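Peer 1: A single structure is presented below for examination.
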Amino acid sequence: MNRQFETHSPGDTLILGEKIGLHLEAGDILFLYGDLGAGKTTLTQGIARGLGVSRKEYVRSPTFTLVNEYRGWVPVFHIDLYRIASSRELEDLGLEEVFSSESVSIVEWAEKLFAREDTSIPLLGIDRWIEIHITIEEEESRKFDLKTRNLGSAGHPIFTLH
Ligand SMILES: Nc1ncnc2c1ncn2[C@@H]1O[C@H](COP(=O)(O)OP(=O)(O)OP(=O)(O)O)[C@@H](O)[C@H]1O
Ligand SMILES: [Mg+2]
């Protein structure tokens, strides 16, 4: 599956995230790609809302931790790997358990889940995921490219996203 979206303000991105969140299910893993300030965290906030996380709970969570857990219809894990410098550090986070649980995981700087640039197989036993590539078009405009990886060809709510 391949879908493109465009937003023209942070508020628009929250709404897009919310829509994506409504099309996810337990066990889903999302990889977010995009430069600093592209809107990965903003989109994550929207996705969390779509998954039933209250605004109050989202705001209360510290932003400097690598892994945050929120209570939605399913547990939502927001993982920011920006500061991860090695696969050893990555393994120490204990994410394998998170990724194999009945929850939704959203990963900023998902590049860090690949041991080398030339490999397409992520670490930590991940074998199916949804990728979102964010590009800064203009100061307030962003492009979002969604791709499913090994999710099959139907039967998942994300395939009805438009
Ligand atoms: N259409 C838009 N969607 C999302 N953010 C936007 C948009 N237009 C402007 N912005 C601004 O871009 C910034 C996005 O910040 P955000 O923290 O979401 O990015 P990020 O990709 O998570 O960055 P980092 O790599 O530092 O974690 C915010 O300052 C936001 O106000
Ligand atoms: Mg961020």
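So you can find residues: chains in the structure tokens are A, B, ... in the order shown, residues in each start at 1, and ligands are numbered from 1 in order.
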List all protein, DNA and RNA residues that have at least one atom no more than 7 Å from any atom of ligand 2, counting only C-alpha atoms and all ligand atoms, and write them as a ChimeraX atom specification.
Peer 2: /A:37,39-41,80,108
Peer 1: Keeping only N, CA, C and O atoms, take the residues you just selected and write them out as a short mmCIF file (atom, residue, chain, number, x, y, z; two decimals), in the first residue's frame.
Peer 2:
```cif
data_model
loop_
_atom_site.label_atom_id
_atom_site.label_comp_id
_atom_site.auth_asym_id
_atom_site.auth_seq_id
_atom_site.Cartn_x
_atom_site.Cartn_y
_atom_site.Cartn_z
N GLY A 37 12.36 18.69 12.94
CA GLY A 37 11.28 19.66 12.74
C GLY A 37 10.33 19.32 11.60
O GLY A 37 9.49 20.13 11.22
N GLY A 39 7.96 17.11 11.65
CA GLY A 39 6.60 16.95 12.18
C GLY A 39 6.33 15.54 12.72
O GLY A 39 5.17 15.16 12.89
N LYS A 40 7.39 14.79 13.01
CA LYS A 40 7.22 13.41 13.50
C LYS A 40 6.48 13.40 14.83
O LYS A 40 5.55 12.61 15.03
N THR A 41 6.89 14.28 15.74
CA THR A 41 6.25 14.31 17.06
C THR A 41 4.81 14.82 16.96
O THR A 41 3.90 14.29 17.60
N ASP A 80 11.58 7.57 20.68
CA ASP A 80 12.40 8.52 19.92
C ASP A 80 13.85 8.05 19.98
O ASP A 80 14.50 8.12 21.02
N GLU A 108 10.25 7.40 16.14
CA GLU A 108 10.93 8.51 15.45
C GLU A 108 12.38 8.11 15.23
O GLU A 108 12.98 7.46 16.05
#
```
Peer 1: What parts of chain A does DSSP call strand (DSSP E)? I'd like the answer as a PyMOL selection string.
Peer 2: chain A and resi 2-7+29-33+67-71+75-80+104-108+129-138+141-149
Peer 1: Would you mind exporting N, CA and C atoms of the selected residues as a compact mmCIF listing (two decimals), in the first residue's frame?
Peer 2:
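Full text of out.txt as output:
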```txt
# COMPACT_ATOMS: atom_id res chain seq x y z
N ASN A 2 0.43 2.25 -0.70
CA ASN A 2 1.16 3.49 -0.84
C ASN A 2 0.17 4.65 -0.85
N ARG A 3 0.29 5.58 0.10
CA ARG A 3 -0.63 6.72 0.13
C ARG A 3 0.16 8.00 0.39
N GLN A 4 -0.29 9.09 -0.24
CA GLN A 4 0.34 10.40 -0.03
C GLN A 4 -0.66 11.38 0.57
N PHE A 5 -0.17 12.20 1.48
CA PHE A 5 -1.01 13.23 2.08
C PHE A 5 -0.19 14.51 2.17
N GLU A 6 -0.87 15.64 2.28
CA GLU A 6 -0.18 16.90 2.44
C GLU A 6 -0.90 17.68 3.53
N THR A 7 -0.15 18.38 4.39
CA THR A 7 -0.80 19.24 5.38
C THR A 7 -0.20 20.64 5.27
N ILE A 29 3.38 -1.40 14.20
CA ILE A 29 4.61 -0.66 14.44
C ILE A 29 4.75 0.37 13.32
N LEU A 30 4.94 1.64 13.69
CA LEU A 30 5.09 2.70 12.70
C LEU A 30 6.50 3.25 12.74
N PHE A 31 7.13 3.34 11.58
CA PHE A 31 8.45 3.95 11.48
C PHE A 31 8.27 5.35 10.88
N LEU A 32 8.74 6.37 11.59
CA LEU A 32 8.64 7.74 11.07
C LEU A 32 10.02 8.23 10.63
N TYR A 33 10.06 8.78 9.42
CA TYR A 33 11.30 9.33 8.86
C TYR A 33 11.08 10.80 8.51
N VAL A 67 11.48 6.41 25.60
CA VAL A 67 10.26 5.61 25.43
C VAL A 67 9.16 6.14 26.36
N ASN A 68 8.05 6.54 25.77
CA ASN A 68 6.89 6.97 26.55
C ASN A 68 5.72 6.03 26.28
N GLU A 69 4.99 5.68 27.33
CA GLU A 69 3.82 4.84 27.14
C GLU A 69 2.56 5.62 27.49
N TYR A 70 1.57 5.57 26.61
CA TYR A 70 0.29 6.24 26.86
C TYR A 70 -0.83 5.22 26.87
N ARG A 71 -1.90 5.56 27.60
CA ARG A 71 -3.06 4.67 27.65
C ARG A 71 -4.11 5.12 26.67
N PRO A 75 -2.40 0.10 24.50
CA PRO A 75 -1.23 0.88 24.94
C PRO A 75 -0.51 1.46 23.73
N VAL A 76 -0.06 2.71 23.85
CA VAL A 76 0.64 3.38 22.76
C VAL A 76 2.05 3.71 23.23
N PHE A 77 3.04 3.25 22.50
CA PHE A 77 4.43 3.55 22.83
C PHE A 77 4.99 4.54 21.82
N HIS A 78 5.51 5.65 22.34
CA HIS A 78 6.16 6.65 21.50
C HIS A 78 7.65 6.56 21.77
N ILE A 79 8.40 6.18 20.76
CA ILE A 79 9.83 5.90 20.93
C ILE A 79 10.64 6.87 20.07
N ASP A 80 11.58 7.57 20.68
CA ASP A 80 12.40 8.52 19.92
C ASP A 80 13.85 8.05 19.98
N VAL A 104 0.43 -0.39 20.13
CA VAL A 104 0.88 0.30 18.92
C VAL A 104 2.17 1.03 19.27
N SER A 105 3.21 0.85 18.45
CA SER A 105 4.49 1.52 18.67
C SER A 105 4.78 2.48 17.54
N ILE A 106 5.20 3.68 17.90
CA ILE A 106 5.53 4.70 16.90
C ILE A 106 6.97 5.11 17.13
N VAL A 107 7.81 4.98 16.10
CA VAL A 107 9.24 5.18 16.25
C VAL A 107 9.74 6.37 15.45
N GLU A 108 10.25 7.40 16.14
CA GLU A 108 10.93 8.51 15.45
C GLU A 108 12.38 8.11 15.23
N TRP A 129 5.70 -3.69 9.22
CA TRP A 129 5.58 -2.35 9.79
C TRP A 129 4.96 -1.39 8.77
N ILE A 130 4.64 -0.19 9.24
CA ILE A 130 4.11 0.87 8.38
C ILE A 130 5.14 2.00 8.42
N GLU A 131 5.52 2.48 7.24
CA GLU A 131 6.53 3.54 7.14
C GLU A 131 5.88 4.86 6.77
N ILE A 132 6.27 5.94 7.44
CA ILE A 132 5.79 7.26 7.03
C ILE A 132 7.00 8.18 6.84
N HIS A 133 7.16 8.64 5.60
CA HIS A 133 8.26 9.56 5.27
C HIS A 133 7.69 10.97 5.18
N ILE A 134 8.26 11.87 5.99
CA ILE A 134 7.76 13.24 6.02
C ILE A 134 8.77 14.18 5.35
N THR A 135 8.29 15.00 4.44
CA THR A 135 9.16 15.98 3.78
C THR A 135 8.65 17.39 4.04
N ILE A 136 9.60 18.28 4.35
CA ILE A 136 9.24 19.70 4.52
C ILE A 136 9.19 20.34 3.14
N GLU A 137 8.00 20.84 2.78
CA GLU A 137 7.84 21.45 1.47
C GLU A 137 8.03 22.97 1.56
N GLU A 138 7.32 23.55 2.52
CA GLU A 138 7.44 24.98 2.80
C GLU A 138 7.37 25.13 4.30
N SER A 141 4.11 23.65 5.22
CA SER A 141 3.58 22.54 4.41
C SER A 141 4.45 21.30 4.53
N ARG A 142 3.80 20.19 4.69
CA ARG A 142 4.51 18.91 4.83
C ARG A 142 3.87 17.86 3.94
N LYS A 143 4.72 16.97 3.41
CA LYS A 143 4.23 15.85 2.61
C LYS A 143 4.43 14.57 3.41
N PHE A 144 3.47 13.68 3.34
CA PHE A 144 3.53 12.42 4.08
C PHE A 144 3.38 11.26 3.11
N ASP A 145 4.36 10.38 3.07
CA ASP A 145 4.31 9.19 2.23
C ASP A 145 4.17 7.96 3.11
N LEU A 146 3.07 7.27 2.97
CA LEU A 146 2.82 6.07 3.77
C LEU A 146 3.04 4.81 2.95
N LYS A 147 3.72 3.84 3.55
CA LYS A 147 3.95 2.56 2.87
C LYS A 147 3.80 1.44 3.87
N THR A 148 3.15 0.36 3.48
CA THR A 148 3.11 -0.80 4.37
C THR A 148 4.21 -1.76 3.95
N ARG A 149 4.79 -2.42 4.92
CA ARG A 149 5.86 -3.38 4.66
C ARG A 149 5.49 -4.74 5.24
```
Peer 1: Fewer than 4 positions away in the same chain doesn't count, so skip those; otherwise give me all residues within 6 Å of segment 46-63 of chain A, counting only C-alpha atoms, as a list in words.
Peer 2: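 Counting only C-alpha atoms, the residues come to Leu14, Gly17, Glu18, Gly21, Leu22, Arg71, Gly72 and Trp73 of chain A.
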Peer 1: Once you have the residues from the selection above, write them out as a PDB file, in the first residue's frame, restricted to all heavy atoms.
Peer 2:
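Heads up, here's the output in selection14.pdb:
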```pdb
ATOM      1  N   LEU A  14      -2.015  17.197  13.000  1.00  0.00           N
ATOM      2  CA  LEU A  14      -2.670  16.502  14.116  1.00  0.00           C
ATOM      3  C   LEU A  14      -3.902  15.746  13.616  1.00  0.00           C
ATOM      4  O   LEU A  14      -4.129  14.592  13.994  1.00  0.00           O
ATOM      5  CB  LEU A  14      -3.105  17.508  15.191  1.00  0.00           C
ATOM      6  CG  LEU A  14      -2.029  18.069  16.110  1.00  0.00           C
ATOM      7  CD1 LEU A  14      -2.638  19.118  17.035  1.00  0.00           C
ATOM      8  CD2 LEU A  14      -1.385  16.944  16.930  1.00  0.00           C
ATOM      9  N   GLY A  17      -2.851  12.730  11.686  1.00  0.00           N
ATOM     10  CA  GLY A  17      -2.401  11.703  12.622  1.00  0.00           C
ATOM     11  C   GLY A  17      -3.580  10.990  13.258  1.00  0.00           C
ATOM     12  O   GLY A  17      -3.595   9.759  13.374  1.00  0.00           O
ATOM     13  N   GLU A  18      -4.580  11.782  13.634  1.00  0.00           N
ATOM     14  CA  GLU A  18      -5.768  11.211  14.268  1.00  0.00           C
ATOM     15  C   GLU A  18      -6.446  10.210  13.341  1.00  0.00           C
ATOM     16  O   GLU A  18      -6.831   9.112  13.756  1.00  0.00           O
ATOM     17  CB  GLU A  18      -6.718  12.353  14.622  1.00  0.00           C
ATOM     18  CG  GLU A  18      -7.704  11.994  15.692  1.00  0.00           C
ATOM     19  CD  GLU A  18      -8.402  13.222  16.278  1.00  0.00           C
ATOM     20  OE1 GLU A  18      -7.880  14.347  16.132  1.00  0.00           O
ATOM     21  OE2 GLU A  18      -9.468  13.042  16.864  1.00  0.00           O
ATOM     22  N   GLY A  21      -4.403   7.128  13.229  1.00  0.00           N
ATOM     23  CA  GLY A  21      -4.593   6.386  14.479  1.00  0.00           C
ATOM     24  C   GLY A  21      -5.862   5.557  14.487  1.00  0.00           C
ATOM     25  O   GLY A  21      -5.893   4.450  15.020  1.00  0.00           O
ATOM     26  N   LEU A  22      -6.904   6.103  13.860  1.00  0.00           N
ATOM     27  CA  LEU A  22      -8.185   5.389  13.810  1.00  0.00           C
ATOM     28  C   LEU A  22      -8.114   4.155  12.908  1.00  0.00           C
ATOM     29  O   LEU A  22      -9.000   3.314  12.944  1.00  0.00           O
ATOM     30  CB  LEU A  22      -9.290   6.328  13.304  1.00  0.00           C
ATOM     31  CG  LEU A  22      -9.748   7.409  14.282  1.00  0.00           C
ATOM     32  CD1 LEU A  22     -10.579   8.475  13.566  1.00  0.00           C
ATOM     33  CD2 LEU A  22     -10.559   6.789  15.425  1.00  0.00           C
ATOM     34  N   ARG A  71      -1.896   5.562  27.600  1.00  0.00           N
ATOM     35  CA  ARG A  71      -3.057   4.670  27.654  1.00  0.00           C
ATOM     36  C   ARG A  71      -4.110   5.118  26.667  1.00  0.00           C
ATOM     37  O   ARG A  71      -4.741   6.157  26.837  1.00  0.00           O
ATOM     38  CB  ARG A  71      -3.651   4.660  29.061  1.00  0.00           C
ATOM     39  CG  ARG A  71      -2.909   3.749  30.035  1.00  0.00           C
ATOM     40  CD  ARG A  71      -3.363   4.034  31.442  1.00  0.00           C
ATOM     41  NE  ARG A  71      -3.167   5.453  31.731  1.00  0.00           N
ATOM     42  CZ  ARG A  71      -3.786   6.124  32.701  1.00  0.00           C
ATOM     43  NH1 ARG A  71      -4.671   5.506  33.452  1.00  0.00           N
ATOM     44  NH2 ARG A  71      -3.538   7.401  32.910  1.00  0.00           N
ATOM     45  N   GLY A  72      -4.291   4.360  25.607  1.00  0.00           N
ATOM     46  CA  GLY A  72      -5.378   4.587  24.663  1.00  0.00           C
ATOM     47  C   GLY A  72      -6.280   3.363  24.687  1.00  0.00           C
ATOM     48  O   GLY A  72      -6.315   2.651  25.680  1.00  0.00           O
ATOM     49  N   TRP A  73      -6.983   3.095  23.572  1.00  0.00           N
ATOM     50  CA  TRP A  73      -7.776   1.847  23.488  1.00  0.00           C
ATOM     51  C   TRP A  73      -6.822   0.677  23.610  1.00  0.00           C
ATOM     52  O   TRP A  73      -7.184  -0.392  24.102  1.00  0.00           O
ATOM     53  CB  TRP A  73      -8.540   1.742  22.173  1.00  0.00           C
ATOM     54  CG  TRP A  73      -9.144   3.020  21.647  1.00  0.00           C
ATOM     55  CD1 TRP A  73      -8.945   3.545  20.404  1.00  0.00           C
ATOM     56  CD2 TRP A  73     -10.038   3.910  22.316  1.00  0.00           C
ATOM     57  NE1 TRP A  73      -9.645   4.714  20.281  1.00  0.00           N
ATOM     58  CE2 TRP A  73     -10.334   4.966  21.440  1.00  0.00           C
ATOM     59  CE3 TRP A  73     -10.618   3.935  23.594  1.00  0.00           C
ATOM     60  CZ2 TRP A  73     -11.167   6.019  21.774  1.00  0.00           C
ATOM     61  CZ3 TRP A  73     -11.451   4.993  23.928  1.00  0.00           C
ATOM     62  CH2 TRP A  73     -11.723   6.006  23.025  1.00  0.00           C
TER      63      TRP A  73
END
```
Peer 1: What is the distance, in Å and to one decimal place, between atom CA of Ala110 of chain A and atom 26 (O, counted along the ligand's line) of ligand 1?
Peer 2: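 Result for atom CA of Ala110 of chain A versus atom 26 (O, counted along the ligand's line) of ligand 1: 13.2 Å, one decimal.
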Peer 1: Looking only at alpha helix (DSSP H) from DSSP on the backbone, list the matching residues of chain A as a ChimeraX atom specification.
Peer 2: /A:10-21,40-50,55-60,87-92,95-99
Peer 1: Can those selected residues be exported to a file as a CSV table (one decimal), in the first residue's frame so that it contains C-alpha atoms?
Peer 2:
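This went into part_27.csv:
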```
chain,number,residue,atom,x,y,z
A,10,PRO,CA,0.6,21.7,12.6
A,11,GLY,CA,-3.2,21.5,13.3
A,12,ASP,CA,-3.7,19.8,9.9
A,13,THR,CA,-0.9,17.3,10.8
A,14,LEU,CA,-2.7,16.5,14.1
A,15,ILE,CA,-5.9,15.8,12.2
A,16,LEU,CA,-4.0,13.6,9.7
A,17,GLY,CA,-2.4,11.7,12.6
A,18,GLU,CA,-5.8,11.2,14.3
A,19,LYS,CA,-7.1,9.7,11.1
A,20,ILE,CA,-4.2,7.4,10.8
A,21,GLY,CA,-4.6,6.4,14.5
A,40,LYS,CA,7.2,13.4,13.5
A,41,THR,CA,6.2,14.3,17.1
A,42,THR,CA,3.3,16.4,15.9
A,43,LEU,CA,2.0,13.5,13.8
A,44,THR,CA,2.6,11.1,16.7
A,45,GLN,CA,0.5,13.3,19.0
A,46,GLY,CA,-2.4,13.1,16.5
A,47,ILE,CA,-2.0,9.3,16.1
A,48,ALA,CA,-2.1,9.0,19.9
A,49,ARG,CA,-5.4,11.0,19.9
A,50,GLY,CA,-6.8,8.7,17.2
A,55,ARG,CA,-4.7,15.3,25.6
A,56,LYS,CA,-4.0,15.6,29.4
A,57,GLU,CA,-2.1,12.4,29.5
A,58,TYR,CA,0.0,13.2,26.4
A,59,VAL,CA,1.0,16.6,27.8
A,60,ARG,CA,2.0,15.2,31.1
A,87,SER,CA,22.9,-1.2,18.2
A,88,ARG,CA,24.2,-2.1,21.6
A,89,GLU,CA,22.4,0.9,23.1
A,90,LEU,CA,19.3,0.0,21.2
A,91,GLU,CA,19.3,-3.5,22.6
A,92,ASP,CA,19.5,-2.2,26.1
A,95,LEU,CA,12.1,-2.8,22.9
A,96,GLU,CA,11.8,-6.3,21.6
A,97,GLU,CA,9.1,-6.9,24.3
A,98,VAL,CA,7.3,-3.7,23.3
A,99,PHE,CA,7.3,-4.5,19.6
```
Peer 1: Got a sec: who's within 7 Å of Gly27 of chain A, counting only C-alpha atoms, leaving out chain neighbours fewer than 6 positions off, as a PyMOL selection string?
Peer 2: chain A and resi 100-104
Peer 1: For atom CA of Gly34 of chain A and atom CA of Leu123 of chain A, quote the distance in Å rounded to one decimal.
Peer 2: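 Going from atom CA of Gly34 of chain A over to atom CA of Leu123 of chain A, I get 19.7 Å.
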Peer 1: Return the single residue from A:Ile84, A:Leu36, A:Val74, A:Ile158 that is closest to ligand 1, with distances computed using only C-alpha atoms and all ligand atoms.
Peer 2: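 The closest residue to ligand 1 is A:Leu36.
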Peer 1: Would you mind telling me which residue in A:Ile121, A:Glu139, A:Phe64, A:Thr160 lies nearest to ligand 1 when using only C-alpha atoms and all ligand atoms?
Peer 2: A:Glu139
Peer 1: Would you list the contacts of His156 of chain A as number ranges by chain, taking every protein, DNA or RNA residue within 8 Å and counting only C-alpha atoms, but skipping same-chain residues closer than 4 positions in sequence?
Peer 2: A: 24-25, 151
Peer 1: Which of these, A:Leu66, A:Leu113, A:Leu93, A:Ala26, has the shortest distance to ligand 1 once you count only C-alpha atoms and all ligand atoms?
Peer 2: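 Of A:Leu66, A:Leu113, A:Leu93, A:Ala26, the one nearest ligand 1, counting only C-alpha atoms and all ligand atoms, is A:Leu66.
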